[in-house]
Protein chains: 2
Amino acid sequence: MQVSLQALKAFESAARRGSFKLAAEELSLTPTAISHHISNLESRLNVTLFHRKGRRVSLTGTGVKLAKATSDGFRKIESALDEVMKAGCAVRVTTTSSLAALVLIPSQHEFEQVNPDLSMEISTGESIDNQSYIIPVRVGDVSVVEGSDIIKYESFNVFGAYGMTSPSWSNEPITLFTTKWKNTLLPDPPLATWLEKNGLDGANIKLKKFDQELFGIQKAMAENGLVFCSTTLTKRLLKTNLIQHFNTRPVKSDLCYYVPNKDNFGTRSSAKFLDWIEDILN
Amino acid sequence: MQVSLQALKAFESAARRGSFKLAAEELSLTPTAISHHISNLESRLNVTLFHRKGRRVSLTGTGVKLAKATSDGFRKIESALDEVMKAGCAVRVTTTSSLAALVLIPSQHEFEQVNPDLSMEISTGESIDNQSYIIPVRVGDVSVVEGSDIIKYESFNVFGAYGMTSPSWSNEPITLFTTKWKNTLLPDPPLATWLEKNGLDGANIKLKKFDQELFGIQKAMAENGLVFCSTTLTKRLLKTNLIQHFNTRPVKSDLCYYVPNKDNFGTRSSAKFLDWIEDILN
DNA sequence: AGTGTAGATGATTTAAACTCATCTACAAGT
DNA sequence: ACTTGTAGATGAGTTTAAATCATCTACACT
């Protein structure tokens, strides 16, 4: 380039502040540096950018035009830079209520302890806040989702509140909470497969469906009921003895947790988060 | 600032060209310099901007966003810079047909000889091409125009084609070409004052008016007629013996040539032009 | 396997950027 | 009118950032 960018930055600042001294303060330089930059700029461009009347400076017509463009240009660059820097020291995640409430939020503190220079924000809901560097953790169909985006293949099992007695699967009528996704494109929970694998016919099982797994799990815990749900969501509850299972065998499903374009987040924070979440889920 | 602008420029170029090598060529640097800049940028921002797959690089999501903003920002700055630089090595003038045809265009070559690094463009007409660095040389009323903008106070006299015999002012009927400005706010040519100063009553003078002085002057030259017009416009024609005057005395007028905001053009080229034009007019 | 290309890495050199010391011009106070 | 203080200009000297060089790795294409 013909002229140095730092000279332009010095000019931009001086033009905006109307003083070399103030520009120098803004850029943590000496007024001398600003003066050098600007006279260098002027001689390279063959123009006068500032009128000098003794110790007072004011922009020429040319100076005004250049100042307008440089201010706009640098402002644009700086705001993008700000955004990127913010993205570098915070991780923002959006996911389902269930994963948020049962996995992410309980582990949030631990994540921030391990990564003291990162803060973690969790949000749930539909709002596809596409504008910024938010990492979406979604539930999807393994046959549709890009394999490299998947962070957890989902298995299902039946769980109940901790301490309750094992149900007698074949004799008495049983109420089982399960999930009917709002999104009809998602595969249903693999209840039929589970019954088969565990040698049950399910004739005495009455289903009660919620549109979020979290609700069924909470209901089961509150009412000493049974819930057919994801092993991912229950992992922590099992470990803390809030729920139990009954020696039934889990089944794989066509569902998975995934992050769209997982490998395409360029921030250190997102890389840390993705490593961490894969680690705690597996 | 947190990050260096040159690093950003290197990134911008590499992002746009999709290759460190091409960016290096564009910026007249070595690929090594680009690599250093970008890794420096990445570590300062705590993000990854490029995926490296062996010897191929591609932008990350973060990289794409930053590249968009930096490209826009730098483009804006560079285009303004281009404009300023062009303005530094060329001077564009717009003025009346008369001044252009009788003064500026005949002297254009001389100006470019004296200033071999400057080119001069002359345009006439109403088109107020306000966009760029055009210097307007206008005719105005001395009582309205800012004094410091004035480059020539206008005097008037009667001229005729070179070699014609002096008219006998009082005996025979005389046709005199003169000017009626299109712009009615401008003072009329000071014919009454001129008659008085030269001891004439004008009873035998028939006026024929054009809306540009140039036309009257050309008509007078073509038909051995007489024209009452500006001494500025006729100066060169007198010197080259294309017209003459008849020992009548010129009169000052309320008209002047001026350049709006004369002292506010910051370009070297405009300063050179303004010096030169004041010089040849006085 | 062999060759050529793109980029990474670390040490060294170079040049740009910054500061310091000194000077001028103006403005404000006495 | 004579200080005093402030903003900027100027030129020489210093510092540090930026660029290069030499070397190395990984991949792609014969």
# chains A, B, ... in the order shown; residues from 1 in each chain; ligands from 1
$ residues_around --residues "DG13 (chain D)" --least-positions-apart "3" --cutoff "12 Å" --atoms "only C-alpha atoms (C1' of nucleotides)" --output "JSON, numbers by chain"
{"C": [18, 19, 20, 21]}
$ interface_residues --of "chain C" --to "chain B" --cutoff "8 Å" --atoms "only C-alpha atoms (C1' of nucleotides)" --output "PDB file with N, CA, C and O atoms (P, O5', C5', C4', C3', O3' and C1' of nucleotides), in the first residue's frame"
ATOM      1  P    DA C   6       1.892 -22.804  -4.301  1.00  0.00           P
ATOM      2  O5'  DA C   6       1.537 -23.178  -2.796  1.00  0.00           O
ATOM      3  C5'  DA C   6       0.375 -23.965  -2.529  1.00  0.00           C
ATOM      4  C4'  DA C   6       0.106 -23.950  -1.042  1.00  0.00           C
ATOM      5  C3'  DA C   6       0.229 -22.564  -0.395  1.00  0.00           C
ATOM      6  O3'  DA C   6      -0.836 -22.391   0.532  1.00  0.00           O
ATOM      7  C1'  DA C   6       1.803 -24.057   0.586  1.00  0.00           C
ATOM      8  P    DG C   7      -0.980 -21.054   1.325  1.00  0.00           P
ATOM      9  O5'  DG C   7      -0.385 -21.458   2.739  1.00  0.00           O
ATOM     10  C5'  DG C   7      -0.935 -22.573   3.441  1.00  0.00           C
ATOM     11  C4'  DG C   7       0.047 -23.025   4.491  1.00  0.00           C
ATOM     12  C3'  DG C   7       0.399 -21.977   5.553  1.00  0.00           C
ATOM     13  O3'  DG C   7      -0.109 -22.411   6.803  1.00  0.00           O
ATOM     14  C1'  DG C   7       2.307 -23.204   4.813  1.00  0.00           C
ATOM     15  P    DA C   8       0.178 -21.623   8.125  1.00  0.00           P
ATOM     16  O5'  DA C   8       1.422 -22.419   8.726  1.00  0.00           O
ATOM     17  C5'  DA C   8       1.267 -23.781   9.099  1.00  0.00           C
ATOM     18  C4'  DA C   8       2.391 -24.201  10.036  1.00  0.00           C
ATOM     19  C3'  DA C   8       2.635 -23.280  11.219  1.00  0.00           C
ATOM     20  O3'  DA C   8       2.933 -24.100  12.341  1.00  0.00           O
ATOM     21  C1'  DA C   8       4.598 -23.383   9.885  1.00  0.00           C
TER      22       DA C   8
END
$ closest_residue --among "B:Lys68, B:Lys182, B:His37, B:Arg268" --to "chain A" --atoms "only C-alpha atoms"
B:Arg268
$ select_by_dssp --residues "region 44-143 of chain B" --states "strand (DSSP E or B)" --output "list of chain:residue names"
B:Val47, B:Phe50, B:His51, B:Arg52, B:Lys53, B:Arg56, B:Val57, B:Ser58, B:Leu59, B:Ala90, B:Val91, B:Arg92, B:Val93, B:Thr94, B:Thr95, B:Ser119, B:Met120, B:Glu121, B:Ile122, B:Ser123, B:Thr124, B:Ile134, B:Ile135, B:Pro136, B:Arg138, B:Val139, B:Gly140, B:Asp141
$ residues_around --residues "Met120 (chain A)" --least-positions-apart "4" --cutoff "10 Å" --atoms "only C-alpha atoms (C1' of nucleotides)" --output "compact mmCIF listing (two decimals) with N, CA and C atoms, in the first residue's frame"
# COMPACT_ATOMS: atom_id res chain seq x y z
N CYS A 89 -13.92 -15.12 24.59
CA CYS A 89 -13.82 -15.29 26.03
C CYS A 89 -15.14 -15.64 26.68
N ALA A 90 -16.13 -15.99 25.85
CA ALA A 90 -17.39 -16.46 26.40
C ALA A 90 -17.97 -17.47 25.42
N VAL A 91 -18.71 -18.40 25.96
CA VAL A 91 -19.36 -19.36 25.08
C VAL A 91 -20.85 -19.30 25.34
N ARG A 92 -21.59 -19.17 24.26
CA ARG A 92 -23.05 -19.07 24.39
C ARG A 92 -23.67 -20.30 23.74
N VAL A 93 -24.48 -20.99 24.51
CA VAL A 93 -25.06 -22.24 24.04
C VAL A 93 -26.57 -22.12 24.08
N LEU A 104 -26.66 -29.34 31.16
CA LEU A 104 -25.78 -28.17 31.02
C LEU A 104 -25.73 -27.31 32.26
N ILE A 105 -26.91 -26.93 32.74
CA ILE A 105 -26.93 -26.01 33.88
C ILE A 105 -26.30 -26.63 35.12
N GLN A 108 -22.61 -26.37 34.60
CA GLN A 108 -22.08 -25.07 34.18
C GLN A 108 -20.94 -24.60 35.07
N HIS A 109 -21.16 -24.72 36.36
CA HIS A 109 -20.15 -24.23 37.31
C HIS A 109 -18.83 -24.97 37.13
N PHE A 111 -17.71 -26.37 34.47
CA PHE A 111 -17.06 -25.90 33.24
C PHE A 111 -16.29 -24.61 33.49
N GLU A 112 -16.92 -23.72 34.21
CA GLU A 112 -16.26 -22.44 34.45
C GLU A 112 -15.09 -22.56 35.42
N ASN A 115 -12.34 -23.87 33.19
CA ASN A 115 -11.92 -22.83 32.25
C ASN A 115 -12.19 -21.45 32.85
N SER A 269 -13.16 -20.64 22.57
CA SER A 269 -14.17 -20.94 23.57
C SER A 269 -15.09 -22.06 23.07
N PHE A 273 -15.67 -25.72 24.69
CA PHE A 273 -17.00 -26.19 25.06
C PHE A 273 -17.32 -27.52 24.39
$ closest_residue --among "A:Val145, A:Ala222, A:Leu118, A:Leu8" --to "Leu242 (chain A)" --atoms "only C-alpha atoms"
A:Ala222
$ interface_residues --of "chain D" --to "chain B" --cutoff "9 Å" --atoms "only C-alpha atoms (C1' of nucleotides)" --output "PyMOL selection string"
chain D and resi 18-20+25-27
$ write_last_selection --atoms "C-alpha atoms (C1' of nucleotides)" --output "tab-separated table (two decimals), in the first residue's frame"
chain	number	residue	atom	x	y	z
D	18	DA	C1'	7.38	-6.29	11.00
D	19	DA	C1'	9.57	-8.65	7.34
D	20	DT	C1'	12.86	-11.96	5.76
D	25	DT	C1'	6.36	-30.59	7.46
D	26	DA	C1'	2.45	-32.13	5.04
D	27	DC	C1'	0.15	-32.97	1.19
$ select_by_dssp --residues "region 10-178 of chain A" --states "helix (DSSP H, G or I)" --output "MDAnalysis selection string"
chainID A and resid 10:17 20:26 31:45 61:89 97:114 147:149
$ closest_residue --among "A:Ala14, A:Leu176, A:Val47, A:Leu214" --to "chain B" --atoms "only C-alpha atoms"
A:Val47
$ interface_residues --of "chain A" --to "chain B" --cutoff "8 Å" --atoms "only C-alpha atoms" --output "CSV table (one decimal) with N, CA and C atoms, in the first residue's frame"
chain,number,residue,atom,x,y,z
A,1,MET,N,0.8,-1.2,0.0
A,1,MET,CA,0.0,0.0,0.0
A,1,MET,C,0.9,1.3,0.0
A,5,LEU,N,-1.4,2.1,7.4
A,5,LEU,CA,-2.7,2.1,8.0
A,5,LEU,C,-2.7,2.8,9.4
A,6,GLN,N,-1.5,2.7,10.0
A,6,GLN,CA,-1.4,3.4,11.3
A,6,GLN,C,-1.5,4.9,11.1
A,27,LEU,N,-4.8,7.0,21.3
A,27,LEU,CA,-4.0,5.9,20.8
A,27,LEU,C,-2.8,5.6,21.6
A,45,LEU,N,0.2,11.7,-0.1
A,45,LEU,CA,-1.1,11.9,-0.8
A,45,LEU,C,-1.0,13.3,-1.6
A,46,ASN,N,0.0,14.1,-1.4
A,46,ASN,CA,0.1,15.4,-2.0
A,46,ASN,C,-1.1,16.3,-1.7
A,47,VAL,N,-1.6,16.2,-0.5
A,47,VAL,CA,-2.7,17.0,-0.1
A,47,VAL,C,-2.5,17.6,1.3
A,48,THR,N,-3.2,18.6,1.6
A,48,THR,CA,-3.2,19.1,3.0
A,48,THR,C,-4.5,18.6,3.6
A,49,LEU,N,-4.3,18.0,4.8
A,49,LEU,CA,-5.5,17.4,5.4
A,49,LEU,C,-6.0,18.3,6.6
A,50,PHE,N,-5.0,19.0,7.2
A,50,PHE,CA,-5.4,20.0,8.2
A,50,PHE,C,-4.8,21.3,7.9
A,60,THR,N,-9.3,20.4,6.4
A,60,THR,CA,-9.6,20.9,5.1
A,60,THR,C,-10.7,20.2,4.5
A,61,GLY,N,-11.2,20.6,3.3
A,61,GLY,CA,-12.3,19.9,2.6
A,61,GLY,C,-11.9,18.5,2.3
A,62,THR,N,-10.7,18.3,1.8
A,62,THR,CA,-10.2,17.0,1.6
A,62,THR,C,-10.2,16.2,2.8
A,63,GLY,N,-9.7,16.8,3.9
A,63,GLY,CA,-9.6,16.1,5.2
A,63,GLY,C,-10.9,15.6,5.6
A,65,LYS,N,-13.5,14.8,3.9
A,65,LYS,CA,-13.9,13.6,3.1
A,65,LYS,C,-13.2,12.4,3.5
A,66,LEU,N,-11.9,12.5,3.7
A,66,LEU,CA,-11.1,11.3,4.0
A,66,LEU,C,-11.5,10.9,5.4
A,69,ALA,N,-14.7,8.8,5.5
A,69,ALA,CA,-14.5,7.4,5.0
A,69,ALA,C,-13.7,6.6,6.0
A,70,THR,N,-12.6,7.1,6.5
A,70,THR,CA,-11.8,6.3,7.4
A,70,THR,C,-12.5,6.0,8.7
A,72,ASP,N,-15.8,5.7,9.2
A,72,ASP,CA,-16.7,4.6,8.9
A,72,ASP,C,-16.0,3.3,8.8
A,73,GLY,N,-14.9,3.3,8.0
A,73,GLY,CA,-14.2,2.0,7.8
A,73,GLY,C,-13.7,1.4,9.0
A,74,PHE,N,-13.0,2.2,9.8
A,74,PHE,CA,-12.4,1.7,11.0
A,74,PHE,C,-13.5,1.3,12.1
A,75,ARG,N,-14.5,2.1,12.1
A,75,ARG,CA,-15.6,1.7,13.0
A,75,ARG,C,-16.1,0.3,12.7
A,76,LYS,N,-16.3,0.1,11.4
A,76,LYS,CA,-16.8,-1.2,11.0
A,76,LYS,C,-15.9,-2.3,11.4
A,77,ILE,N,-14.6,-2.1,11.2
A,77,ILE,CA,-13.6,-3.1,11.5
A,77,ILE,C,-13.6,-3.4,13.0
A,80,ALA,N,-16.5,-5.3,14.4
A,80,ALA,CA,-16.4,-6.8,14.2
A,80,ALA,C,-15.4,-7.4,15.1
A,81,LEU,N,-14.3,-6.7,15.3
A,81,LEU,CA,-13.2,-7.2,16.1
A,81,LEU,C,-13.7,-7.4,17.5
A,84,VAL,N,-15.7,-10.5,17.8
A,84,VAL,CA,-14.9,-11.7,17.7
A,84,VAL,C,-14.2,-11.9,19.1
A,85,MET,N,-13.7,-10.8,19.6
A,85,MET,CA,-13.0,-10.9,20.9
A,85,MET,C,-13.9,-11.4,22.0
A,88,GLY,N,-14.4,-14.8,21.9
A,88,GLY,CA,-13.2,-15.6,22.3
A,88,GLY,C,-13.2,-15.8,23.8
A,89,CYS,N,-13.9,-15.1,24.6
A,89,CYS,CA,-13.8,-15.3,26.0
A,89,CYS,C,-15.1,-15.6,26.7
A,133,TYR,N,-22.4,-15.5,17.9
A,133,TYR,CA,-21.6,-16.8,18.0
A,133,TYR,C,-22.2,-17.8,18.9
A,264,ASN,N,-16.9,-25.9,12.4
A,264,ASN,CA,-16.8,-24.6,11.7
A,264,ASN,C,-16.8,-23.4,12.7
A,265,PHE,N,-16.8,-23.7,14.0
A,265,PHE,CA,-16.7,-22.6,14.9
A,265,PHE,C,-15.2,-22.3,15.1
A,266,GLY,N,-14.8,-21.1,14.9
A,266,GLY,CA,-13.4,-20.9,14.9
A,266,GLY,C,-12.9,-20.4,16.3
A,267,THR,N,-13.8,-20.3,17.3
A,267,THR,CA,-13.3,-19.7,18.5
A,267,THR,C,-12.8,-20.7,19.5
A,268,ARG,N,-11.8,-20.3,20.2
A,268,ARG,CA,-11.2,-21.2,21.2
A,268,ARG,C,-12.3,-21.6,22.2
A,269,SER,N,-13.2,-20.6,22.6
A,269,SER,CA,-14.2,-20.9,23.6
A,269,SER,C,-15.1,-22.1,23.1
$ residues_around --residues "Thr175 (chain B)" --least-positions-apart "4" --cutoff "8 Å" --atoms "only C-alpha atoms (C1' of nucleotides)" --output "VMD selection string"
chain B and resid 205 to 208 225 to 226
$ write_last_selection --atoms "N, CA, C and O atoms" --output "PDB file, in the first residue's frame"
ATOM      1  N   ILE B 205     -26.198  54.993 -29.370  1.00  0.00           N
ATOM      2  CA  ILE B 205     -25.725  53.604 -29.244  1.00  0.00           C
ATOM      3  C   ILE B 205     -26.894  52.653 -29.138  1.00  0.00           C
ATOM      4  O   ILE B 205     -27.776  52.816 -28.288  1.00  0.00           O
ATOM      5  N   LYS B 206     -26.889  51.667 -30.020  1.00  0.00           N
ATOM      6  CA  LYS B 206     -27.933  50.641 -29.966  1.00  0.00           C
ATOM      7  C   LYS B 206     -27.301  49.385 -29.372  1.00  0.00           C
ATOM      8  O   LYS B 206     -26.249  48.934 -29.812  1.00  0.00           O
ATOM      9  N   LEU B 207     -27.963  48.823 -28.335  1.00  0.00           N
ATOM     10  CA  LEU B 207     -27.385  47.651 -27.660  1.00  0.00           C
ATOM     11  C   LEU B 207     -27.931  46.359 -28.244  1.00  0.00           C
ATOM     12  O   LEU B 207     -29.100  46.268 -28.596  1.00  0.00           O
ATOM     13  N   LYS B 208     -27.049  45.369 -28.339  1.00  0.00           N
ATOM     14  CA  LYS B 208     -27.513  44.021 -28.683  1.00  0.00           C
ATOM     15  C   LYS B 208     -26.941  43.069 -27.615  1.00  0.00           C
ATOM     16  O   LYS B 208     -25.737  43.047 -27.388  1.00  0.00           O
ATOM     17  N   GLY B 225     -17.421  44.586 -35.261  1.00  0.00           N
ATOM     18  CA  GLY B 225     -18.327  45.346 -34.417  1.00  0.00           C
ATOM     19  C   GLY B 225     -17.643  45.736 -33.117  1.00  0.00           C
ATOM     20  O   GLY B 225     -16.433  45.566 -32.935  1.00  0.00           O
ATOM     21  N   LEU B 226     -18.434  46.240 -32.184  1.00  0.00           N
ATOM     22  CA  LEU B 226     -17.923  46.679 -30.890  1.00  0.00           C
ATOM     23  C   LEU B 226     -18.602  45.886 -29.784  1.00  0.00           C
ATOM     24  O   LEU B 226     -19.786  45.564 -29.871  1.00  0.00           O
TER      25      LEU B 226
END
